[in-house]
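S.K.: Input structure: coords02.cif, which contains mmCIF, C-alpha atoms.
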```cif
data_target
#
loop_
_atom_site.label_atom_id
_atom_site.label_comp_id
_atom_site.auth_asym_id
_atom_site.auth_seq_id
_atom_site.Cartn_x
_atom_site.Cartn_y
_atom_site.Cartn_z
CA MET A 1 -44.61 -141.02 139.36
CA GLN A 2 -44.97 -140.89 143.13
CA GLY A 3 -45.65 -143.95 145.26
CA ASP A 4 -48.35 -145.95 143.54
CA ASP A 5 -49.59 -143.01 141.43
CA ASN A 6 -48.78 -141.51 138.06
CA ILE A 7 -48.62 -137.73 138.51
CA LEU A 8 -50.08 -135.80 135.56
CA SER A 9 -49.74 -132.02 135.30
CA VAL A 10 -52.31 -130.05 133.31
CA ALA A 11 -52.41 -126.34 132.51
CA LEU A 12 -55.90 -125.02 131.80
CA ASP A 13 -56.06 -121.70 129.94
CA ASP A 14 -58.87 -119.29 129.07
CA SER A 15 -60.31 -121.75 126.54
CA ALA A 16 -61.62 -123.74 129.52
CA ALA A 17 -63.60 -120.78 130.85
CA GLY A 18 -67.08 -121.83 131.92
CA VAL A 19 -66.36 -125.51 131.31
CA ARG A 20 -66.94 -128.13 134.00
CA LEU A 21 -63.74 -129.34 135.62
CA ASP A 22 -64.23 -132.99 134.61
CA ARG A 23 -64.89 -132.05 131.00
CA ALA A 24 -61.94 -129.67 130.80
CA LEU A 25 -59.56 -132.28 132.19
CA ALA A 26 -60.92 -135.03 129.93
CA GLU A 27 -60.36 -132.79 126.90
CA ALA A 28 -56.80 -132.04 128.06
CA LEU A 29 -56.08 -135.73 128.79
CA PRO A 30 -57.45 -137.77 125.85
CA ASP A 31 -56.28 -141.09 127.36
CA LEU A 32 -58.66 -140.58 130.29
CA SER A 33 -62.40 -140.69 129.73
CA ARG A 34 -64.66 -138.11 131.32
CA GLU A 35 -66.11 -140.76 133.64
CA ARG A 36 -62.63 -141.76 134.74
CA VAL A 37 -61.71 -138.12 135.39
CA LYS A 38 -64.92 -137.59 137.34
CA SER A 39 -64.07 -140.61 139.52
CA LEU A 40 -60.55 -139.31 140.15
CA ILE A 41 -61.91 -135.91 141.19
CA LYS A 42 -64.42 -137.46 143.60
CA ASP A 43 -61.62 -139.61 145.06
CA GLY A 44 -59.64 -136.48 145.92
CA ARG A 45 -56.95 -137.09 143.34
CA VAL A 46 -57.03 -133.66 141.70
CA SER A 47 -55.42 -130.60 143.30
CA ASP A 48 -54.54 -127.06 142.30
CA ALA A 49 -51.19 -125.25 142.45
CA SER A 50 -51.64 -124.46 146.14
CA GLY A 51 -52.22 -128.11 146.96
CA ALA A 52 -55.94 -127.67 147.62
CA VAL A 53 -57.91 -130.78 146.68
CA LEU A 54 -60.73 -130.26 144.16
CA ARG A 55 -63.61 -132.68 144.77
CA ASP A 56 -66.47 -131.29 142.69
CA PRO A 57 -66.48 -132.50 139.05
CA SER A 58 -69.05 -129.86 138.08
CA ALA A 59 -67.08 -126.93 139.49
CA LYS A 60 -65.39 -124.40 137.23
CA ALA A 61 -61.65 -124.07 137.78
CA ALA A 62 -60.21 -120.64 138.48
CA LEU A 63 -58.32 -119.78 135.28
CA PRO A 64 -55.57 -119.98 134.33
CA ALA A 65 -55.09 -123.12 136.42
CA ALA A 66 -52.19 -125.50 136.95
CA LEU A 67 -53.64 -128.77 138.16
CA GLU A 68 -52.14 -132.05 139.31
CA ILE A 69 -53.92 -135.41 138.83
CA ARG A 70 -52.77 -138.53 140.64
CA VAL A 71 -53.72 -141.63 138.65
CA PRO A 72 -53.27 -144.99 140.42
CA VAL A 73 -50.88 -147.34 138.69
CA ALA A 74 -52.23 -150.83 137.99
CA THR A 75 -49.42 -152.82 139.54
CA PRO A 76 -50.69 -156.25 140.66
CA THR A 77 -49.63 -157.37 144.12
CA HIS A 78 -48.83 -160.91 143.03
CA ASN A 79 -48.45 -160.52 139.29
CA VAL A 80 -45.14 -160.51 137.54
CA ALA A 81 -44.52 -159.94 133.85
CA GLN A 82 -43.88 -163.24 132.10
CA ASP A 83 -42.81 -163.83 128.51
CA MET A 84 -45.30 -166.49 127.42
CA GLY A 85 -45.42 -166.01 123.67
CA LEU A 86 -48.94 -164.68 123.24
CA ILE A 87 -50.72 -165.17 119.91
CA ILE A 88 -51.82 -161.67 118.91
CA ALA A 89 -54.85 -161.34 116.63
CA TYR A 90 -54.84 -157.52 116.66
CA GLU A 91 -52.92 -154.77 118.43
CA ASP A 92 -52.51 -151.02 118.40
CA GLU A 93 -51.64 -148.38 120.99
CA HIS A 94 -55.14 -148.58 122.50
CA LEU A 95 -56.01 -152.26 122.80
CA ILE A 96 -54.90 -155.80 122.11
CA VAL A 97 -56.82 -158.92 121.08
CA VAL A 98 -55.28 -162.22 122.14
CA ASP A 99 -56.03 -165.65 120.68
CA LYS A 100 -55.95 -167.50 123.99
CA PRO A 101 -55.08 -171.20 124.07
CA ALA A 102 -57.15 -173.65 126.10
CA GLY A 103 -55.64 -174.14 129.54
CA MET A 104 -54.57 -170.53 130.09
CA VAL A 105 -56.25 -168.69 132.96
CA VAL A 106 -57.21 -165.11 132.07
CA HIS A 107 -56.43 -163.36 135.35
CA PRO A 108 -54.85 -164.32 138.70
CA ALA A 109 -56.97 -165.87 141.41
CA ALA A 110 -56.43 -168.26 144.30
CA GLY A 111 -54.14 -171.02 143.12
CA ASN A 112 -53.23 -169.20 139.88
CA PHE A 113 -50.94 -166.29 140.68
CA ASP A 114 -48.76 -166.70 137.61
CA GLY A 115 -48.89 -168.22 134.16
CA THR A 116 -52.06 -166.24 133.41
CA MET A 117 -52.89 -164.08 130.42
CA VAL A 118 -52.45 -161.03 132.65
CA ASN A 119 -48.87 -162.07 133.41
CA ALA A 120 -48.23 -162.40 129.69
CA LEU A 121 -49.88 -159.05 128.93
CA LEU A 122 -47.80 -157.28 131.58
CA HIS A 123 -44.69 -158.45 129.72
CA HIS A 124 -45.94 -157.89 126.20
CA CYS A 125 -47.46 -154.45 126.90
CA ALA A 126 -44.68 -153.39 129.29
CA GLY A 127 -47.26 -152.57 131.95
CA GLN A 128 -49.30 -150.27 129.69
CA LEU A 129 -52.73 -151.61 130.62
CA SER A 130 -55.96 -150.04 131.82
CA GLY A 131 -56.21 -149.69 135.57
CA ILE A 132 -59.99 -150.02 135.74
CA GLY A 133 -59.82 -153.78 136.36
CA GLY A 134 -57.85 -153.17 139.55
CA VAL A 135 -54.51 -154.58 140.56
CA ALA A 136 -55.46 -158.19 139.82
CA ARG A 137 -57.06 -157.61 136.42
CA PRO A 138 -55.26 -154.77 134.61
CA GLY A 139 -56.63 -154.32 131.10
CA ILE A 140 -59.21 -157.09 131.39
CA VAL A 141 -62.57 -156.04 129.91
CA HIS A 142 -64.15 -159.51 129.72
CA ARG A 143 -63.02 -163.08 130.17
CA ILE A 144 -63.37 -166.58 128.80
CA ASP A 145 -62.99 -169.77 130.79
CA LYS A 146 -59.60 -171.38 131.37
CA ASP A 147 -60.37 -174.36 129.14
CA THR A 148 -62.12 -172.34 126.44
CA SER A 149 -59.87 -171.17 123.62
CA GLY A 150 -60.17 -168.13 121.40
CA LEU A 151 -60.38 -164.37 121.12
CA ILE A 152 -60.34 -161.97 124.07
CA VAL A 153 -59.76 -158.21 124.05
CA ALA A 154 -57.82 -156.19 126.65
CA ALA A 155 -57.49 -152.42 126.98
CA LYS A 156 -54.23 -150.52 127.23
CA HIS A 157 -55.72 -147.42 128.83
CA ASP A 158 -58.88 -146.40 130.63
CA ARG A 159 -60.50 -144.59 127.70
CA ALA A 160 -60.33 -147.76 125.59
CA HIS A 161 -61.49 -149.88 128.53
CA GLU A 162 -64.56 -147.76 129.18
CA GLY A 163 -65.44 -147.59 125.46
CA LEU A 164 -65.30 -151.36 125.17
CA ALA A 165 -67.17 -151.86 128.45
CA ARG A 166 -70.03 -149.69 127.17
CA GLN A 167 -70.33 -151.91 124.10
CA PHE A 168 -70.37 -155.06 126.21
CA ALA A 169 -73.04 -153.51 128.44
CA ALA A 170 -75.10 -152.57 125.38
CA HIS A 171 -74.72 -156.12 123.99
CA SER A 172 -73.36 -154.68 120.73
CA ILE A 173 -70.19 -156.80 120.68
CA ASP A 174 -70.41 -159.56 118.04
CA ARG A 175 -69.25 -162.71 119.80
CA ARG A 176 -69.58 -166.10 118.16
CA TYR A 177 -68.40 -169.40 119.55
CA LEU A 178 -67.87 -172.72 117.81
CA ALA A 179 -68.72 -175.70 119.98
CA LEU A 180 -69.36 -179.41 119.91
CA ALA A 181 -72.70 -180.22 121.51
CA THR A 182 -73.72 -183.74 122.41
CA GLY A 183 -76.50 -185.20 120.26
CA ARG A 184 -78.40 -183.20 117.65
CA PRO A 185 -80.28 -180.12 118.82
CA MET A 186 -83.89 -179.97 117.69
CA PRO A 187 -84.68 -177.62 116.17
CA ALA A 188 -81.32 -177.36 114.44
CA SER A 189 -81.27 -173.62 115.06
CA GLY A 190 -82.91 -171.59 117.76
CA THR A 191 -82.63 -169.17 120.66
CA VAL A 192 -82.23 -169.89 124.35
CA ASP A 193 -83.57 -167.01 126.44
CA ALA A 194 -83.14 -168.08 130.06
CA ALA A 195 -81.86 -166.10 133.05
CA LEU A 196 -78.67 -167.29 134.73
CA GLY A 197 -77.62 -167.11 138.37
CA ARG A 198 -75.63 -169.03 140.94
CA SER A 199 -76.74 -172.60 141.53
CA ASN A 200 -78.55 -173.22 144.82
CA THR A 201 -76.69 -176.49 145.30
CA ASN A 202 -73.19 -175.50 144.17
CA ARG A 203 -72.09 -171.86 144.38
CA LYS A 204 -69.24 -172.54 141.95
CA LYS A 205 -71.74 -173.40 139.23
CA MET A 206 -74.18 -171.29 137.26
CA ALA A 207 -77.74 -172.42 136.57
CA VAL A 208 -80.89 -171.39 134.76
CA VAL A 209 -83.00 -169.57 137.36
CA ALA A 210 -86.21 -167.57 137.58
CA ALA A 211 -86.01 -164.19 135.86
CA ASP A 212 -86.21 -162.30 139.17
CA ARG A 213 -83.30 -164.31 140.61
CA GLY A 214 -80.76 -163.95 137.84
CA LYS A 215 -79.59 -161.92 134.88
CA ARG A 216 -81.18 -162.25 131.47
CA ALA A 217 -79.09 -164.38 129.13
CA VAL A 218 -79.73 -164.96 125.42
CA THR A 219 -77.87 -167.39 123.16
CA HIS A 220 -78.62 -167.87 119.46
CA TYR A 221 -77.40 -171.22 118.18
CA ARG A 222 -77.33 -172.95 114.81
CA THR A 223 -76.13 -176.37 113.73
CA ILE A 224 -73.25 -176.21 111.27
CA GLU A 225 -72.65 -179.94 110.83
CA PRO A 226 -74.22 -183.08 112.32
CA LEU A 227 -71.59 -185.54 113.61
CA ARG A 228 -71.64 -188.98 115.17
CA HIS A 229 -73.23 -188.57 118.63
CA ALA A 230 -72.58 -184.81 118.46
CA SER A 231 -73.05 -181.64 116.42
CA LEU A 232 -70.78 -178.79 115.46
CA ILE A 233 -72.69 -175.62 116.37
CA GLU A 234 -72.20 -171.89 116.33
CA CYS A 235 -73.45 -169.88 119.30
CA GLN A 236 -73.87 -166.12 118.98
CA LEU A 237 -74.12 -164.32 122.30
CA GLU A 238 -76.64 -161.56 122.72
CA THR A 239 -75.55 -161.27 126.36
CA GLY A 240 -72.32 -162.40 127.99
CA ARG A 241 -72.93 -164.19 131.28
CA THR A 242 -70.56 -166.51 133.09
CA HIS A 243 -70.61 -169.98 131.48
CA GLN A 244 -73.53 -168.86 129.30
CA VAL A 245 -73.03 -171.19 126.32
CA ARG A 246 -72.24 -174.16 128.53
CA VAL A 247 -75.28 -173.72 130.78
CA HIS A 248 -77.73 -172.88 127.99
CA MET A 249 -76.77 -175.88 125.86
CA ALA A 250 -77.01 -178.18 128.88
CA HIS A 251 -80.40 -176.61 129.67
CA ILE A 252 -81.82 -177.68 126.29
CA GLY A 253 -80.43 -181.19 126.72
CA HIS A 254 -77.26 -180.89 124.64
CA PRO A 255 -74.33 -180.15 126.96
CA LEU A 256 -70.98 -179.45 125.37
CA VAL A 257 -68.77 -182.39 124.58
CA GLY A 258 -66.17 -182.86 127.31
CA ASP A 259 -67.73 -180.34 129.71
CA PRO A 260 -66.68 -181.58 133.18
CA VAL A 261 -69.14 -179.34 135.05
CA TYR A 262 -72.40 -179.09 133.12
CA GLY A 263 -72.49 -182.33 131.19
CA ARG A 264 -71.66 -185.99 131.32
CA THR A 265 -70.37 -187.40 128.05
CA ARG A 266 -71.61 -190.96 127.64
CA LYS A 267 -70.32 -193.92 125.67
CA PRO A 268 -69.32 -194.29 122.89
CA LEU A 269 -68.41 -190.59 122.71
CA SER A 270 -66.66 -190.68 126.08
CA GLU A 271 -64.39 -193.45 124.80
CA VAL A 272 -63.35 -191.29 121.85
CA LEU A 273 -62.50 -188.42 124.21
CA LYS A 274 -60.49 -190.72 126.46
CA ALA A 275 -58.54 -192.16 123.55
CA ARG A 276 -57.73 -188.65 122.31
CA ASN A 277 -56.99 -187.36 125.83
CA PHE A 278 -59.54 -184.60 125.19
CA ALA A 279 -60.36 -183.30 128.67
CA ARG A 280 -62.02 -179.91 128.24
CA GLN A 281 -65.28 -178.44 127.06
CA ALA A 282 -65.19 -178.27 123.25
CA LEU A 283 -65.72 -174.52 123.05
CA HIS A 284 -63.83 -171.91 121.03
CA ALA A 285 -64.35 -168.12 120.87
CA ALA A 286 -64.08 -167.95 117.08
CA HIS A 287 -65.26 -164.44 116.18
CA LEU A 288 -65.04 -161.04 117.85
CA GLY A 289 -66.45 -157.88 116.33
CA PHE A 290 -66.67 -154.39 117.85
CA ILE A 291 -66.31 -150.68 117.16
CA HIS A 292 -62.84 -149.47 118.02
CA PRO A 293 -63.39 -147.30 121.14
CA VAL A 294 -60.92 -144.63 120.00
CA THR A 295 -60.78 -144.63 116.18
CA GLY A 296 -64.41 -145.64 115.56
CA ASN A 297 -63.33 -148.25 113.01
CA ASN A 298 -65.12 -151.58 112.69
CA ILE A 299 -62.93 -154.42 113.99
CA ALA A 300 -63.89 -157.97 112.98
CA LEU A 301 -61.57 -160.84 113.86
CA ASP A 302 -61.74 -164.60 113.36
CA SER A 303 -59.78 -167.36 115.02
CA GLU A 304 -59.25 -170.77 113.45
CA ILE A 305 -60.65 -173.63 115.47
CA PRO A 306 -57.77 -175.23 117.46
CA LEU A 307 -56.10 -178.49 116.48
CA ASP A 308 -57.56 -180.62 119.29
CA MET A 309 -61.11 -179.68 118.30
CA ARG A 310 -60.39 -180.04 114.55
CA GLU A 311 -59.04 -183.55 115.03
CA LEU A 312 -62.01 -184.50 117.22
CA ILE A 313 -64.43 -183.18 114.59
CA ASP A 314 -62.67 -185.17 111.87
CA GLU A 315 -62.99 -188.35 113.91
CA LEU A 316 -66.69 -187.77 114.59
CA ARG A 317 -67.66 -186.99 111.01
CA VAL A 318 -70.46 -189.23 109.75
#
```
Since I need it in another form, could you write the structure as structure tokens?

M.R.:
Amino acid sequence: MQGDDNILSVALDDSAAGVRLDRALAEALPDLSRERVKSLIKDGRVSDASGAVLRDPSAKAALPAALEIRVPVATPTHNVAQDMGLIIAYEDEHLIVVDKPAGMVVHPAAGNFDGTMVNALLHHCAGQLSGIGGVARPGIVHRIDKDTSGLIVAAKHDRAHEGLARQFAAHSIDRRYLALATGRPMPASGTVDAALGRSNTNRKKMAVVAADRGKRAVTHYRTIEPLRHASLIECQLETGRTHQVRVHMAHIGHPLVGDPVYGRTRKPLSEVLKARNFARQALHAAHLGFIHPVTGNNIALDSEIPLDMRELIDELRV
């Protein structure tokens, strides 16, 4: 390691003859994807034995070749490793799935430079996290809101990160949330297909906007159980936009119970929340399914609905 870089040395032999430089290096370094290698080459982070910088990913290296690759280390400026007792739903040498409690911020931001899931991951994974998210978000492939509980996956190296990111981009990740929605949605099951973008009146909020102003967002919902003044629903995400479930359910007139931003919980339900000191949106990332980006295995994980939501559901049962 030198400065803020990991220094990797690679010896290419005659088997790499006629092969593009980015492909040859990706084959020699299985923890780095070809796209990651290509980016490193273009950034001037690959050099030969004489110290000459190689900047063309499509070039053929003069063989045999001893090459040096400088890979930036994902060391957050403000982040420190903190032992916070993460609940691990799945882990191997490539990735980790955390069952995040409500109240935990995923990554550092203004006002939250410690106590985040990233701080906990830095301790648990001993710094072995993908660098693609940058210094503030090492390993983070996606996120869930601070006051939403449930499953979230993080990558331990760039190859895993890019493989997961491709699945998120292709909308092939199976993500299902359990939520309490106010009232009783009619119909009991349906699909909300409405683009989301920043609100014109409050840039901290998302809103349903015209298709040409936002990003397409699709939520499939179904009612699991009618309750008093509310319904237990499952929302399956076809896309994964910021605050998607919260905004879509509010858009169809059934904001999530306890949502302080997109809904106003009215009496008598608000009195129940106050008595229980329930002060968050009732939303839980209950299921996460994906293809393992390295092994190709199907991964399907479920998280039990947290105690605060279970107790609230019991109280609201008809």

S.K.: Can you work out which one of A:Ile144, A:Ala188, A:Leu86, A:Leu151 has the shortest atom-to-atom distance to A:Val245, counting all atoms listed in the file?

M.R.: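 Closest candidate: A:Ile144.
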
S.K.: Would you be able to write out as number ranges by chain which residues have an atom within 8 Å of (-69.6, -181.7, 123.2) in the file's coordinates, counting all atoms listed in the file?

M.R.: A: 179-182, 230-231, 254-259, 265, 281-282

S.K.: Find, counting only C-alpha atoms, the residue in A:Val97, A:Ala102, A:Ala195, A:Ala52 that gets nearest to A:Asp308.

M.R.: A:Ala102

S.K.: Which of these, A:Arg264, A:Arg228, A:Arg317, A:His124, has the shortest distance to A:Lys156 once you count only C-alpha atoms?

M.R.: A:His124

S.K.: Fewer than 5 positions away in the same chain doesn't count, so skip those; otherwise give me all residues within 12 Å of A:Gly18, counting all atoms listed in the file, as a compact mmCIF listing (two decimals) with C-alpha atoms, in the coordinates of the input.

M.R.:
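around_2.txt was written with the following content:
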```
# COMPACT_ATOMS: atom_id res chain seq x y z
CA LEU A 12 -55.90 -125.02 131.80
CA ASP A 13 -56.06 -121.70 129.94
CA ARG A 23 -64.89 -132.05 131.00
CA ALA A 24 -61.94 -129.67 130.80
CA SER A 58 -69.05 -129.86 138.08
CA ALA A 59 -67.08 -126.93 139.49
CA LYS A 60 -65.39 -124.40 137.23
CA ALA A 61 -61.65 -124.07 137.78
CA ALA A 62 -60.21 -120.64 138.48
CA LEU A 63 -58.32 -119.78 135.28
CA PRO A 64 -55.57 -119.98 134.33
```

S.K.: What is the distance between atom CA of A:Ala300 and atom CA of A:Leu288, in Å to one decimal?

M.R.: 5.9 Å

S.K.: Any chance you could work out the residue set of the PyMOL selection byres ((chain A and resi 6) around 6) here, as a list in words?

M.R.: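 What the PyMOL selection byres ((chain A and resi 6) around 6) grabs from the file is Met1, Asp5, Ile7, Arg70 and Val71 of chain A.
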
S.K.: Run the PyMOL selection byres ((chain A and resi 93) around 12) mentally over the shown coordinates, then write out the matched residues as a ChimeraX atom specification, using the chain letters and numbers from the document.

M.R.: /A:31,90-92,94-97,125-126,128-130,154-157,159-160,292-295

S.K.: Under the rule that only C-alpha atoms are counted, which of A:Ser149, A:Gln244, A:Tyr262, A:Gly139 is the nearest residue to A:His161?

M.R.: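 Distance minimum relative to A:His161 lands on A:Gly139.
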
S.K.: Using the chain letters and residue numbers of this document, give as number ranges by chain the residues selected by the PyMOL selection byres ((chain A and resi 120-123) around 6).

M.R.: A: 81-84, 117-119, 124-127

S.K.: Identify, on the basis of only C-alpha atoms, every residue whose closest approach to A:Lys146 does not exceed 7 Å; exclude the query and any residue fewer than 2 positions from it along the same chain; express the result as a PyMOL selection string.

M.R.: chain A and resi 102-106+144+148

S.K.: So, with all atoms listed in the file as the atoms that count, which of A:Val10, A:Pro185, A:Leu307, A:Arg198 lies closest to A:Pro30?

M.R.: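 Smallest distance to A:Pro30 is found for A:Val10.
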
S.K.: So, with only C-alpha atoms as the atoms that count, which of A:Asp14, A:Asp193, A:Glu35, A:Glu315 lies closest to A:Lys215?

M.R.: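 Nearest to A:Lys215: A:Asp193.
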
S.K.: Rounded to one decimal in Å, what is the spacing between atom CA of A:Arg36 and atom CA of A:Leu67?

M.R.: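 Going from atom CA of A:Arg36 over to atom CA of A:Leu67, I get 16.2 Å.
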
S.K.: What is the distance between atom CA of A:Ala211 and atom CA of A:Gly197, in Å to one decimal?

M.R.: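 Atom CA of A:Gly197 lies at a distance of 9.2 Å from atom CA of A:Ala211.
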
S.K.: Quick one: residues within 12 Å of (-64.7, -191.3, 120.6) (file frame), counting all atoms listed in the file, please, as a PyMOL selection string.

M.R.: chain A and resi 182+227-230+257-258+265-278+311-317

S.K.: Report the centre and edge lengths, in Å to one decimal, of an axis-aligned box enclosing every atom of stretch 47-62 of chain A listed in the file, padded by 3 Å on each side, as AutoDock Vina command-line options.

M.R.:
```
--center_x -60.1 --center_y -126.7 --center_z 142.4 --size_x 23.9 --size_y 18.0 --size_z 16.4
```

S.K.: Would you list the contacts of A:Ile291 as a list in words, taking every protein, DNA or RNA residue within 9 Å and counting all atoms listed in the file, but skipping same-chain residues closer than 3 positions in sequence?

M.R.: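 My reading of the contact set: Gly163, Leu164, Gln167, Ser172, Ile173, Val294, Thr295, Gly296, Asn297, Asn298, Ile299 and Ala300 of chain A.
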